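Undergrad: Starting off with a structure, shown below.
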Amino acid sequence: MSEQDVLNPKHMPHNPEKATLEGKNKFIGFWFFLGGESVLFASLFGTYLALNDSTNGGKGSEELFGLELVFIMTMLLLTSSLTSVYAMYHMKNNDFKKMMVWLGITVALGLGFLCFELYEFNHYIHEYEFTMRSSAFGSAFYTLVGFHGGHVVFGLLWFISLMVRNAKRGLNLYNAPKFYIASLYWHFIDVVWVFIFTVVYLMGVL
Amino acid sequence: MTDKVSETSQQFDYEKQKRKEEMKQQVITFALMIVFTLISFAMVLAELDRLFVIPVILVLAAVQVGFQLYYFMHMSHKGHELPALMFYGGVFAAFLTILALVVLVWW
Amino acid sequence: MKDWMGKIRTLSIFSFLVMVLTACGKNNLTALVPKGYGAEQSFNVIIISILVMIVVFIVVMAIYIYVVLKFRRKKGQENQIPKQTEGNKTLEVVWTVIPILLLIIIAVPTIASTYDLADEGEKEDSINVNVKGMQFWWNFEYANEEVQTSQELYIPVDQKVYLNMLSGDVIHAFWVPSISGKMDVSPENENTMYIEAFEEGVYWGKCTEFCGDSHSLMDFKIVVVSQEEYDQWIEGLKNTDPEYTAQSASAQEGQQLFNNNCISCHAIDASATNPVIAPNLADFGNRAMIAGVEHYSKEALVDWILNPGEIKPGNGMMEAPYLTDNAINEEDAEKIADFLMELKATDKPVESVEIFREEEGQGN
Amino acid sequence: MSTLVATNKKSFGATLWDYLTTVDHKKIAIMYLIAGGFFFLVGGLEALAIRWQLVQPMNDFVSAGFYNELITMHGTTMIFLAAMPLIFAFMNAVVPLQIGARDVAFPFLNSLGFWLFLFGGIMLNVGWFTGGAADAGWTAYAPLSTTSPGEGVDYYVLGLQISGAGTLMGGINFLVTIVNMRAPGMTYMRMPLFTWTAFVASALILFAFPALTVGLFLMMFDRLFGSGFFEANMGGNAVIWQHLFWIFGHPEVYILALPAFGVFSEIISTFSKKRLFGYTAMVFATVLIGFLGFMVWAHHMFTVGMGPAANSIFAVATMAIAVPTGIKIFNWLFTLWGGSIEINTPMLWALGFIPTFTLGGMTGVMVAAASADYQFHDTYFVVAHFHYVIVGGVVFALLAGLHYWWPKMFGTILDDKLGKITFWFFFIGFHLTFFIQHFLGLMGMPRRYWTYLENQGLDLGNLVSTIGAFLMGVGTIFLLINIVKTTMKNEKVGGDPWDARTLEWAIPSPPPFYNFKQLPLVRGLDPLWVEKTEGRKGMTPAEPIGDIHMPNNSFLPFVISVGLFIAGFGFIYQKNDLSWLTLVFIGMGIALGAMLTRSVKDDIGYHIHKEDLQKEAEES
Ligand code: HEA
Ligand code: HEA
Ligand SMILES: [Cu+2]
């Protein structure tokens, strides 16, 4: 396959993300990376669970967390997961426009999530003076949830730069794998959030 | 480099149809995920017994994650054997890590 | 002439003994001559595992030497191609199953003794000592007796003593190789272990968790005494007096200096209510060593008072105001030393401490 | 597009630029070799200083504080900056060739991994020059590490973080390379053992390093941003660090050991002229060791106070690893059995390895017995154990591999006589140094002791140990002489100087930058040997000559690494003065900017044309 075929393929195959060796490498490699990421988040979850009672006399999770916000955030992120599935659906159908639209929605939902998270942190810090330095619990909370938030930020930047870069030239065999693994990343962020809202928030207020 | 560019449009239409079916499934999956989430939140708000609620919401979370992996991330498709193996390898190490940090840190 | 021969003979016997002993290390320090319950338990497992290992090693080496000698390429065989064997199922099974069996031989006593050494069944009815490790010294509080001491822990022979250990700063570990294996002393979790010594004597204890500059000098002693001596000693500690007045003239001056410069950190009575900032000096006059590592003498003590940082780099006393302000000269230090060496819970040290002092004094 | 035959000698500047931007796994291998070798000498020098301090009781060759820096940096340097990169050197040099690939899966990431490692390594060592290196042991137990004054531990944290990221990339790269890039016919069960061990080790990297990453983050937050993970006063718990460290740390020792086993499997089979005995069992044992390696980490924490149940479980799990390792030892012995054993330098290292590693493994099982470990733990017995396995296993393997693959990497061959001299000095010195440490430990000498008192019966043992260490130093100097001599002489050897068995020997030494002109058709285990026994000279190609796709060089990996390096300083010094945060922004800006450039600039590589390849074939 020549460079020309990769950038301007005559036909798009039905799995464009895995049509080239490079694409296949990316696809496999990214899945492996997610295996490593699981250990990363497990270490953070473990640390959080070990320290979630260590409030050092300060406020604990029952007093801090409210569920309304978390519920909205969860809905936003879950929905964004579905919209990115739609985007990939259209990618496979070689419908670039629709893919971009759905990706746009995904990004918007992700941004919404992020705003709520920032609001939440800000609220804890200013209303309750609950910070990273308050107690071991505070350190663990902000680190776990913040790491996830950091992933959201990175995922959004990734989506946006892919969209901007490829807005003019459409889908090809070179960028299809990139879109595909970015969406895998996004799903993984959602996977982590499912455990965060369960373990941190729901179990926290119980 | 494997070259599968030349596919007939017939094949393409067939694939397209198949994907459409699949997309329907994924929407159902999504609906289930929302339902699970609602159940979890509701159970916590209902202030049922801790010992009952915690295992249930953990199981619901695990099932949701399974949906994400198998439907949204297509792990059920073929060609995902090695990704699944390595991912579960990570999950195994992750599980041991959490177990240890929860059980062994304070005594 | 004959006398001379006899001397040589005893000398050579003696030096042979010394050699055997040094092969196992210093008598009251080595883990190879267990003198306590924990050390003995560990030692048994060590012996069992060494025996297993000897068997393994002999087998491996026998095959190894055979193949290397037998199958070395000889002149003229350069182009000979050996048979390309794929493997052998029976052999694979053999060298999987036999090691498993050997490991079971080690694992069973390991598990038994691990549980045995963690047993806290007799904790309530035994002597309990709250051990506190600090950079770079040890505090021992007798929980049932409401007294505390530092650096040298007295325990009665043949009795289980439970140690409840907590650190005041970083992680340390408590190890008295001749008497028992080690356990960490951590800042957030209290660890409990028991020790039981079989023979009276003074035993070396070492800190075995890396804890900073003077980690290698954070030594302590366990003084194993008879029940009677133990009771006397505890009684003596209880009677130590914060208002003690020194006897000799120089010591009286020393006490004055001590009160001006040292008392804010060091206590001279053993009451358990004294805050644990620096070693308690109630029984200082009976110590086996100074600062855990210097042999017991006035010179050494003076040296310590004037230059604690040279003896134990990084220790807390280096920041004492009297040092930073240069408030004390050598003469003053001598007076303080006189005073400190007067502080005793019992009239004189137990016999083994005296022997210990003598031996360590010779060493230097 | 590019000239295939390097006609003229390139200028120094051009060569330098070539190496700074290369994505060729063979050149990256050479860079790993040089950097890892350099750090080995640094770590060795630190070891010699340690031993010199301990030559007699109450010695004051170095101060207590400096000694602590020495041991910390010795351990850290040797493990992260010497052993790991040297293993990566061989994995890079050999794995793609062994599986018949033209390249690795992610050439760009491969280069990024190297530069991150190098800058991380430099960062770690910067502490020496700015008021003290890390001094809390290579294990950096909190709270000693979190309360250690100065910036030493910060350099440790950030240096390891940066180089750890590089290692993780390397690991993923090798996994995907081995999964996706094997030549036709190279099934999993035909892969050479070195490739298999590289595969499993890479998987261990993937699952183990994230725990370290998190641990280092937590430590960084505690030290630099006032969080309280390990701070008892804030409700924190220092044992969390120990778990995270060892969840990483124990797999790490197998990350080192498995490729070492792979090296020996290749060498023993080649120089016995026999196929590896029990290949399937060897593969199985490799995977099993990797798997079990994740379930034993707490054997480093028997004295932490986890309770008898946890101690027993971890003790038994640990002992279980002796079984697959034993399978390996016996399979090596039976590979030798009936062979035609040629004893040259690489083989000498392999033969020295078997008894040495067995001893080290046996003491490993002894320390795994929890109740016995109450005596062994944190004494010189443990120091002896791990130097037996690490030096006797890993370093021996690296030196063996160096002599074995040198011809492939450089096209010249190291002098055998000097190689044997190196071996004997190093081998004898090694056993002198470390055998006696078993007894020192049991006689009451804890590790990480700056000094020991007089009259404790420890003098003789320490003296012997120090003498041994210097003999190892002499051996190392002979190795250096050998390298210089061989390079100066520059006598070229052919593609297959050892009459070997695996694919890397089927192509010229050093290999052309595209490795295989035509991908080889693999028809069995030991593919080259298969062809040789059927009377052919080389491999049968699996494809006609065609265009070869190659990746473009790139300077971005270097730039990204420099950016992170700069940001590292900002993070460290902002704790003293917030204006240092500008460095964080500059550094991160450079790094992220370079990453963005990478992602928006199309980089599809180029092709070597069929005609050029044919022309080249005619010329030679
Ligand atoms: C390459 C590195 C490497 C390797 C391969 C190993 C291999 C093993 N290690 Fe080691 N270890 C380290 C590097 C390594 N270790 C390091 C660096 C430390 C210290 C870290 C620190 O604290 O700084 C350490 C510390 C360490 C400890 C902690 C000690 C302590 O701090 O108290 C323990 C405890 O269980 C242990 C056990 C083992 C075991 C059981 C093996 C097994 O894998 C060994 C298996 C091999 C054999 C057993 C030999 C061959 C087998 C046969 C011939 C079959 C028959 C044998 C029997 C039936 C016994 N190691
Ligand atoms: C891969 C790992 C590795 C390797 C190869 C080594 C190699 C050596 N190690 Fe090390 N060691 C560790 C890993 C390793 N070590 C670790 C992890 C620790 C624990 C640290 C801690 O407690 O935190 C440790 C601790 C440690 C201690 C214990 C310190 C203490 O607890 O107080 C000692 C003491 O003897 C020691 C000695 C040696 C020696 C003599 C060598 C020798 O084999 C070295 C041989 C190499 C040389 C002798 C090089 C010679 C160099 C030259 C000749 C220079 C030429 C120079 C130029 C041309 C510029 N090591
Ligand atoms: Cu280990």
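So you can find residues: chains in the structure tokens are A, B, ... in the order shown, residues in each start at 1, and ligands are numbered from 1 in order.
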Counting only C-alpha atoms and all ligand atoms, what residues are within 7 Å of ligand 1, given as a count of residues only?
TA: 49
Undergrad: Apply DSSP to the backbone of this structure and, from stretch 18-105 of chain B, keep only the residues in alpha helix (DSSP H); write these as a PyMOL selection string.
TA: chain B and resi 18-45+50-67+81-103
Undergrad: Write out as a PDB file with all heavy atoms, in the first residue's frame every residue belonging to chain B that has an atom at most 6 Å from any atom of chain A, counting only C-alpha atoms.
TA:
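What landed in selection_30.pdb:
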```pdb
ATOM      1  N   MET B   1       2.188  -5.645   4.359  1.00  0.00           N
ATOM      2  CA  MET B   1       0.964  -4.999   4.837  1.00  0.00           C
ATOM      3  C   MET B   1      -0.264  -5.686   4.231  1.00  0.00           C
ATOM      4  O   MET B   1      -0.346  -5.859   3.033  1.00  0.00           O
ATOM      5  CB  MET B   1       0.994  -3.537   4.410  1.00  0.00           C
ATOM      6  CG  MET B   1       0.447  -2.616   5.449  1.00  0.00           C
ATOM      7  SD  MET B   1       0.568  -0.962   4.828  1.00  0.00           S
ATOM      8  CE  MET B   1       2.298  -0.643   5.136  1.00  0.00           C
ATOM      9  N   VAL B   5      -8.352  -3.474   0.810  1.00  0.00           N
ATOM     10  CA  VAL B   5      -9.058  -2.302   0.329  1.00  0.00           C
ATOM     11  C   VAL B   5     -10.167  -2.680  -0.645  1.00  0.00           C
ATOM     12  O   VAL B   5     -11.255  -2.135  -0.614  1.00  0.00           O
ATOM     13  CB  VAL B   5      -8.075  -1.333  -0.340  1.00  0.00           C
ATOM     14  CG1 VAL B   5      -8.804  -0.119  -0.859  1.00  0.00           C
ATOM     15  CG2 VAL B   5      -7.019  -0.942   0.659  1.00  0.00           C
ATOM     16  N   VAL B  65     -19.774  -2.166  33.635  1.00  0.00           N
ATOM     17  CA  VAL B  65     -18.460  -2.099  33.015  1.00  0.00           C
ATOM     18  C   VAL B  65     -18.329  -3.194  31.966  1.00  0.00           C
ATOM     19  O   VAL B  65     -17.767  -2.993  30.887  1.00  0.00           O
ATOM     20  CB  VAL B  65     -17.376  -2.208  34.103  1.00  0.00           C
ATOM     21  CG1 VAL B  65     -16.045  -2.532  33.485  1.00  0.00           C
ATOM     22  CG2 VAL B  65     -17.310  -0.905  34.870  1.00  0.00           C
ATOM     23  N   PRO B  83      -6.236  -8.573  23.134  1.00  0.00           N
ATOM     24  CA  PRO B  83      -6.615  -7.439  23.969  1.00  0.00           C
ATOM     25  C   PRO B  83      -7.336  -7.894  25.238  1.00  0.00           C
ATOM     26  O   PRO B  83      -7.038  -7.409  26.327  1.00  0.00           O
ATOM     27  CB  PRO B  83      -7.542  -6.632  23.061  1.00  0.00           C
ATOM     28  CG  PRO B  83      -7.033  -6.895  21.708  1.00  0.00           C
ATOM     29  CD  PRO B  83      -6.548  -8.318  21.714  1.00  0.00           C
ATOM     30  N   MET B  86      -4.812  -9.465  27.724  1.00  0.00           N
ATOM     31  CA  MET B  86      -3.951  -8.511  28.414  1.00  0.00           C
ATOM     32  C   MET B  86      -4.770  -7.611  29.326  1.00  0.00           C
ATOM     33  O   MET B  86      -4.325  -7.226  30.396  1.00  0.00           O
ATOM     34  CB  MET B  86      -3.191  -7.662  27.397  1.00  0.00           C
ATOM     35  CG  MET B  86      -2.181  -8.446  26.626  1.00  0.00           C
ATOM     36  SD  MET B  86      -1.009  -9.282  27.683  1.00  0.00           S
ATOM     37  CE  MET B  86       0.357  -8.210  27.517  1.00  0.00           C
ATOM     38  N   PHE B  87      -5.980  -7.271  28.874  1.00  0.00           N
ATOM     39  CA  PHE B  87      -6.783  -6.404  29.718  1.00  0.00           C
ATOM     40  C   PHE B  87      -7.133  -7.134  31.012  1.00  0.00           C
ATOM     41  O   PHE B  87      -7.010  -6.580  32.110  1.00  0.00           O
ATOM     42  CB  PHE B  87      -8.052  -5.986  28.979  1.00  0.00           C
ATOM     43  CG  PHE B  87      -8.847  -4.952  29.712  1.00  0.00           C
ATOM     44  CD1 PHE B  87      -8.466  -3.629  29.683  1.00  0.00           C
ATOM     45  CD2 PHE B  87      -9.956  -5.312  30.458  1.00  0.00           C
ATOM     46  CE1 PHE B  87      -9.179  -2.669  30.385  1.00  0.00           C
ATOM     47  CE2 PHE B  87     -10.673  -4.360  31.165  1.00  0.00           C
ATOM     48  CZ  PHE B  87     -10.286  -3.036  31.121  1.00  0.00           C
ATOM     49  N   GLY B  90      -4.368  -7.192  33.382  1.00  0.00           N
ATOM     50  CA  GLY B  90      -4.324  -5.966  34.169  1.00  0.00           C
ATOM     51  C   GLY B  90      -5.365  -5.967  35.261  1.00  0.00           C
ATOM     52  O   GLY B  90      -5.101  -5.583  36.399  1.00  0.00           O
ATOM     53  N   ALA B  94      -4.894  -5.599  39.133  1.00  0.00           N
ATOM     54  CA  ALA B  94      -5.636  -4.517  39.771  1.00  0.00           C
ATOM     55  C   ALA B  94      -6.422  -5.052  40.970  1.00  0.00           C
ATOM     56  O   ALA B  94      -6.419  -4.456  42.049  1.00  0.00           O
ATOM     57  CB  ALA B  94      -6.590  -3.882  38.763  1.00  0.00           C
ATOM     58  N   ILE B  98      -6.028  -3.866  44.937  1.00  0.00           N
ATOM     59  CA  ILE B  98      -7.084  -3.299  45.772  1.00  0.00           C
ATOM     60  C   ILE B  98      -7.301  -4.168  47.004  1.00  0.00           C
ATOM     61  O   ILE B  98      -7.378  -3.669  48.128  1.00  0.00           O
ATOM     62  CB  ILE B  98      -8.384  -3.170  44.959  1.00  0.00           C
ATOM     63  CG1 ILE B  98      -8.179  -2.129  43.863  1.00  0.00           C
ATOM     64  CG2 ILE B  98      -9.539  -2.779  45.860  1.00  0.00           C
ATOM     65  CD1 ILE B  98      -9.389  -1.882  43.008  1.00  0.00           C
ATOM     66  N   LEU B 101      -4.557  -3.537  49.514  1.00  0.00           N
ATOM     67  CA  LEU B 101      -4.588  -2.228  50.168  1.00  0.00           C
ATOM     68  C   LEU B 101      -5.776  -2.130  51.118  1.00  0.00           C
ATOM     69  O   LEU B 101      -5.720  -1.436  52.133  1.00  0.00           O
ATOM     70  CB  LEU B 101      -4.619  -1.117  49.124  1.00  0.00           C
ATOM     71  CG  LEU B 101      -3.279  -0.938  48.399  1.00  0.00           C
ATOM     72  CD1 LEU B 101      -3.393   0.072  47.282  1.00  0.00           C
ATOM     73  CD2 LEU B 101      -2.193  -0.508  49.372  1.00  0.00           C
ATOM     74  N   VAL B 102      -6.857  -2.830  50.804  1.00  0.00           N
ATOM     75  CA  VAL B 102      -8.013  -2.759  51.693  1.00  0.00           C
ATOM     76  C   VAL B 102      -7.798  -3.633  52.930  1.00  0.00           C
ATOM     77  O   VAL B 102      -8.109  -3.243  54.047  1.00  0.00           O
ATOM     78  CB  VAL B 102      -9.285  -3.200  50.941  1.00  0.00           C
ATOM     79  CG1 VAL B 102     -10.445  -3.336  51.896  1.00  0.00           C
ATOM     80  CG2 VAL B 102      -9.621  -2.190  49.863  1.00  0.00           C
TER      81      VAL B 102
END
```
Undergrad: If you count only C-alpha atoms, which residues fall within 10 Å of D:Met301, apart from same-chain ones fewer than 2 positions away, as an mmCIF file with N, CA, C and O atoms, in the first residue's frame?
TA:
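Written out: around.cif:
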```cif
data_model
loop_
_atom_site.group_PDB
_atom_site.id
_atom_site.type_symbol
_atom_site.label_atom_id
_atom_site.label_comp_id
_atom_site.auth_asym_id
_atom_site.auth_seq_id
_atom_site.Cartn_x
_atom_site.Cartn_y
_atom_site.Cartn_z
ATOM 1 N N MET C 183 10.849 -7.206 64.246
ATOM 2 C CA MET C 183 9.546 -6.710 63.855
ATOM 3 C C MET C 183 9.616 -5.199 63.675
ATOM 4 O O MET C 183 10.328 -4.515 64.408
ATOM 5 N N ASP C 184 8.849 -4.708 62.699
ATOM 6 C CA ASP C 184 8.887 -3.275 62.422
ATOM 7 C C ASP C 184 8.183 -2.476 63.516
ATOM 8 O O ASP C 184 7.239 -2.957 64.148
ATOM 9 N N VAL D 239 2.483 2.339 55.172
ATOM 10 C CA VAL D 239 2.551 0.980 54.631
ATOM 11 C C VAL D 239 2.003 0.927 53.210
ATOM 12 O O VAL D 239 2.376 0.069 52.412
ATOM 13 N N GLN D 242 4.733 0.980 50.899
ATOM 14 C CA GLN D 242 5.453 -0.293 50.808
ATOM 15 C C GLN D 242 4.717 -1.254 49.888
ATOM 16 O O GLN D 242 5.337 -1.935 49.063
ATOM 17 N N HIS D 243 3.386 -1.304 50.007
ATOM 18 C CA HIS D 243 2.642 -2.194 49.120
ATOM 19 C C HIS D 243 2.814 -1.763 47.668
ATOM 20 O O HIS D 243 3.140 -2.581 46.808
ATOM 21 N N TRP D 246 6.276 -2.566 46.357
ATOM 22 C CA TRP D 246 6.603 -3.977 46.115
ATOM 23 C C TRP D 246 5.671 -4.636 45.106
ATOM 24 O O TRP D 246 6.056 -5.619 44.470
ATOM 25 N N TRP D 297 4.446 -10.223 46.389
ATOM 26 C CA TRP D 297 5.229 -9.039 46.757
ATOM 27 C C TRP D 297 5.403 -8.858 48.258
ATOM 28 O O TRP D 297 6.408 -8.341 48.719
ATOM 29 N N ALA D 298 4.401 -9.315 49.036
ATOM 30 C CA ALA D 298 4.469 -9.023 50.465
ATOM 31 C C ALA D 298 5.558 -9.824 51.170
ATOM 32 O O ALA D 298 5.773 -9.644 52.363
ATOM 33 N N HIS D 299 6.287 -10.698 50.436
ATOM 34 C CA HIS D 299 7.408 -11.371 51.123
ATOM 35 C C HIS D 299 8.519 -10.395 51.487
ATOM 36 O O HIS D 299 9.421 -10.746 52.220
ATOM 37 N N THR D 303 7.986 -8.592 58.136
ATOM 38 C CA THR D 303 8.135 -8.053 59.487
ATOM 39 C C THR D 303 7.306 -6.790 59.696
ATOM 40 O O THR D 303 7.414 -6.148 60.729
ATOM 41 N N VAL D 304 6.489 -6.454 58.697
ATOM 42 C CA VAL D 304 5.697 -5.233 58.826
ATOM 43 C C VAL D 304 4.594 -5.417 59.864
ATOM 44 O O VAL D 304 4.149 -4.452 60.499
ATOM 45 N N GLY D 305 4.179 -6.661 60.049
ATOM 46 C CA GLY D 305 3.136 -6.919 61.028
ATOM 47 C C GLY D 305 1.796 -7.199 60.369
ATOM 48 O O GLY D 305 0.748 -6.833 60.891
ATOM 49 N N MET D 306 1.825 -7.859 59.212
ATOM 50 C CA MET D 306 0.579 -8.114 58.494
ATOM 51 C C MET D 306 -0.218 -9.236 59.134
ATOM 52 O O MET D 306 -1.362 -9.479 58.752
ATOM 53 N N ASN D 311 1.234 -13.559 56.177
ATOM 54 C CA ASN D 311 2.621 -14.003 56.060
ATOM 55 C C ASN D 311 2.707 -15.420 55.507
ATOM 56 O O ASN D 311 3.533 -15.718 54.645
ATOM 57 N N PHE D 314 1.711 -15.559 51.689
ATOM 58 C CA PHE D 314 2.746 -15.033 50.813
ATOM 59 C C PHE D 314 4.004 -15.894 50.847
ATOM 60 O O PHE D 314 4.717 -16.010 49.846
ATOM 61 N N ALA D 370 8.642 -17.338 56.135
ATOM 62 C CA ALA D 370 8.367 -16.123 56.907
ATOM 63 C C ALA D 370 9.043 -16.120 58.275
ATOM 64 O O ALA D 370 9.712 -15.160 58.645
ATOM 65 N N ASP D 373 12.550 -15.576 58.015
ATOM 66 C CA ASP D 373 12.861 -14.233 57.527
ATOM 67 C C ASP D 373 12.875 -13.207 58.659
ATOM 68 O O ASP D 373 13.485 -12.148 58.527
ATOM 69 N N HIS D 377 15.620 -10.873 57.494
ATOM 70 C CA HIS D 377 15.183 -9.636 56.878
ATOM 71 C C HIS D 377 16.086 -8.457 57.225
ATOM 72 O O HIS D 377 16.513 -8.310 58.370
#
```
Undergrad: Find the nearest atom pair between each residue of chain D and chain C for residues within 6 Å, count only C-alpha atoms, give distances in Å to one decimal, sort rows by chain and ascending number, and present the table as CSV.
TA:
```
residue,atom,partner,partner_atom,distance
D:Ala64,CA,C:Asp213,CA,5.3
D:Gly65,CA,C:Asp213,CA,5.3
D:Pro143,CA,C:Val170,CA,5.3
D:Leu144,CA,C:Val170,CA,5.4
D:Ala232,CA,C:Glu188,CA,5.5
D:Lys274,CA,C:Gln84,CA,5.3
D:Arg275,CA,C:Gln84,CA,5.4
D:Phe277,CA,C:Gly87,CA,4.9
D:Gly278,CA,C:Gly87,CA,4.2
D:Thr303,CA,C:Met183,CA,4.8
D:Val304,CA,C:Asp184,CA,5.2
D:Pro308,CA,C:Tyr115,CA,5.3
D:Ser312,CA,C:Ile111,CA,5.5
D:Trp337,CA,C:Val67,CA,5.4
D:Gly339,CA,C:Pro82,CA,5.6
D:Ser340,CA,C:Arg73,CA,4.8
D:Ile341,CA,C:Arg72,CA,4.5
D:Glu342,CA,C:Arg73,CA,5.5
D:Ala369,CA,C:Thr110,CA,5.7
D:Ser371,CA,C:Thr114,CA,5.0
D:Ala372,CA,C:Ser42,CA,4.5
D:Tyr374,CA,C:Gly181,CA,4.4
D:Gln375,CA,C:Gly181,CA,4.6
D:Asp378,CA,C:Thr208,CA,6.0
D:Leu442,CA,C:Ala31,CA,5.3
D:Met443,CA,C:Thr30,CA,4.1
D:Gly444,CA,C:Thr30,CA,5.2
D:Pro446,CA,C:Thr208,CA,5.9
D:Tyr449,CA,C:Ser216,CA,4.6
D:Trp450,CA,C:Ser216,CA,5.9
D:Asn455,CA,C:Gly363,CA,5.8
D:Gln456,CA,C:Lys26,CA,5.7
D:Gly457,CA,C:Gly25,CA,5.2
```
Undergrad: Might you pull out every residue within 8 Å of stretch 113-126 of chain A, with only C-alpha atoms counted and same-chain residues fewer than 5 positions away left off, and present them as a JSON list (two decimals) with N, CA and C atoms, in the first residue's frame?
TA:
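Contents of the output file part-v3.json:
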```
[["chain", "number", "residue", "atom", "x", "y", "z"],
["A", 64, "LEU", "N", -19.77, 15.46, 53.34],
["A", 64, "LEU", "CA", -19.35, 16.25, 52.19],
["A", 64, "LEU", "C", -20.18, 16.00, 50.95],
["A", 69, "LEU", "N", -25.42, 16.18, 42.19],
["A", 69, "LEU", "CA", -24.40, 16.55, 41.22],
["A", 69, "LEU", "C", -23.79, 15.31, 40.59],
["A", 73, "MET", "N", -23.57, 14.25, 36.70],
["A", 73, "MET", "CA", -22.28, 13.98, 36.06],
["A", 73, "MET", "C", -22.25, 12.58, 35.45],
["A", 76, "LEU", "N", -24.19, 12.52, 32.26],
["A", 76, "LEU", "CA", -23.44, 13.15, 31.17],
["A", 76, "LEU", "C", -22.39, 12.21, 30.60],
["A", 77, "LEU", "N", -21.64, 11.61, 31.49],
["A", 77, "LEU", "CA", -20.53, 10.80, 31.01],
["A", 77, "LEU", "C", -21.03, 9.52, 30.34],
["A", 131, "THR", "N", -9.52, 20.26, 51.61],
["A", 131, "THR", "CA", -8.54, 20.29, 50.52],
["A", 131, "THR", "C", -7.68, 19.03, 50.58],
["A", 149, "GLY", "N", -10.34, 13.09, 36.47],
["A", 149, "GLY", "CA", -10.61, 14.35, 35.80],
["A", 149, "GLY", "C", -9.52, 14.70, 34.80],
["A", 152, "VAL", "N", -10.09, 12.91, 31.76],
["A", 152, "VAL", "CA", -11.15, 13.53, 30.96],
["A", 152, "VAL", "C", -10.57, 14.69, 30.15],
["A", 153, "VAL", "N", -9.79, 15.53, 30.83],
["A", 153, "VAL", "CA", -9.19, 16.66, 30.12],
["A", 153, "VAL", "C", -8.37, 16.17, 28.94]]
```
Undergrad: Give the residues of chain D that lie within 9 Å of chain B; count only C-alpha atoms, and format the answer as a CSV table (one decimal) with C-alpha atoms, in the first residue's frame.
TA:
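Just written: selection_12.csv:
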```
chain,number,residue,atom,x,y,z
D,179,VAL,CA,2.2,-10.0,18.7
D,203,ALA,CA,3.8,-7.8,30.1
D,206,LEU,CA,2.9,-3.2,31.7
D,207,PHE,CA,1.2,-4.4,34.8
D,208,ALA,CA,3.9,-3.6,37.4
D,211,ALA,CA,1.8,0.8,40.7
D,237,ASN,CA,-0.4,5.3,56.3
D,238,ALA,CA,3.2,4.6,55.3
D,239,VAL,CA,2.6,1.0,54.6
D,240,ILE,CA,0.6,2.0,51.5
D,243,HIS,CA,2.6,-2.2,49.1
D,244,LEU,CA,2.7,0.0,46.0
D,247,ILE,CA,3.6,-4.6,43.9
D,294,PHE,CA,2.4,-10.9,40.9
D,295,MET,CA,1.3,-12.7,44.0
D,305,GLY,CA,3.1,-6.9,61.0
D,306,MET,CA,0.6,-8.1,58.5
D,307,GLY,CA,-0.3,-11.0,60.7
D,310,ALA,CA,-1.0,-13.1,55.3
```
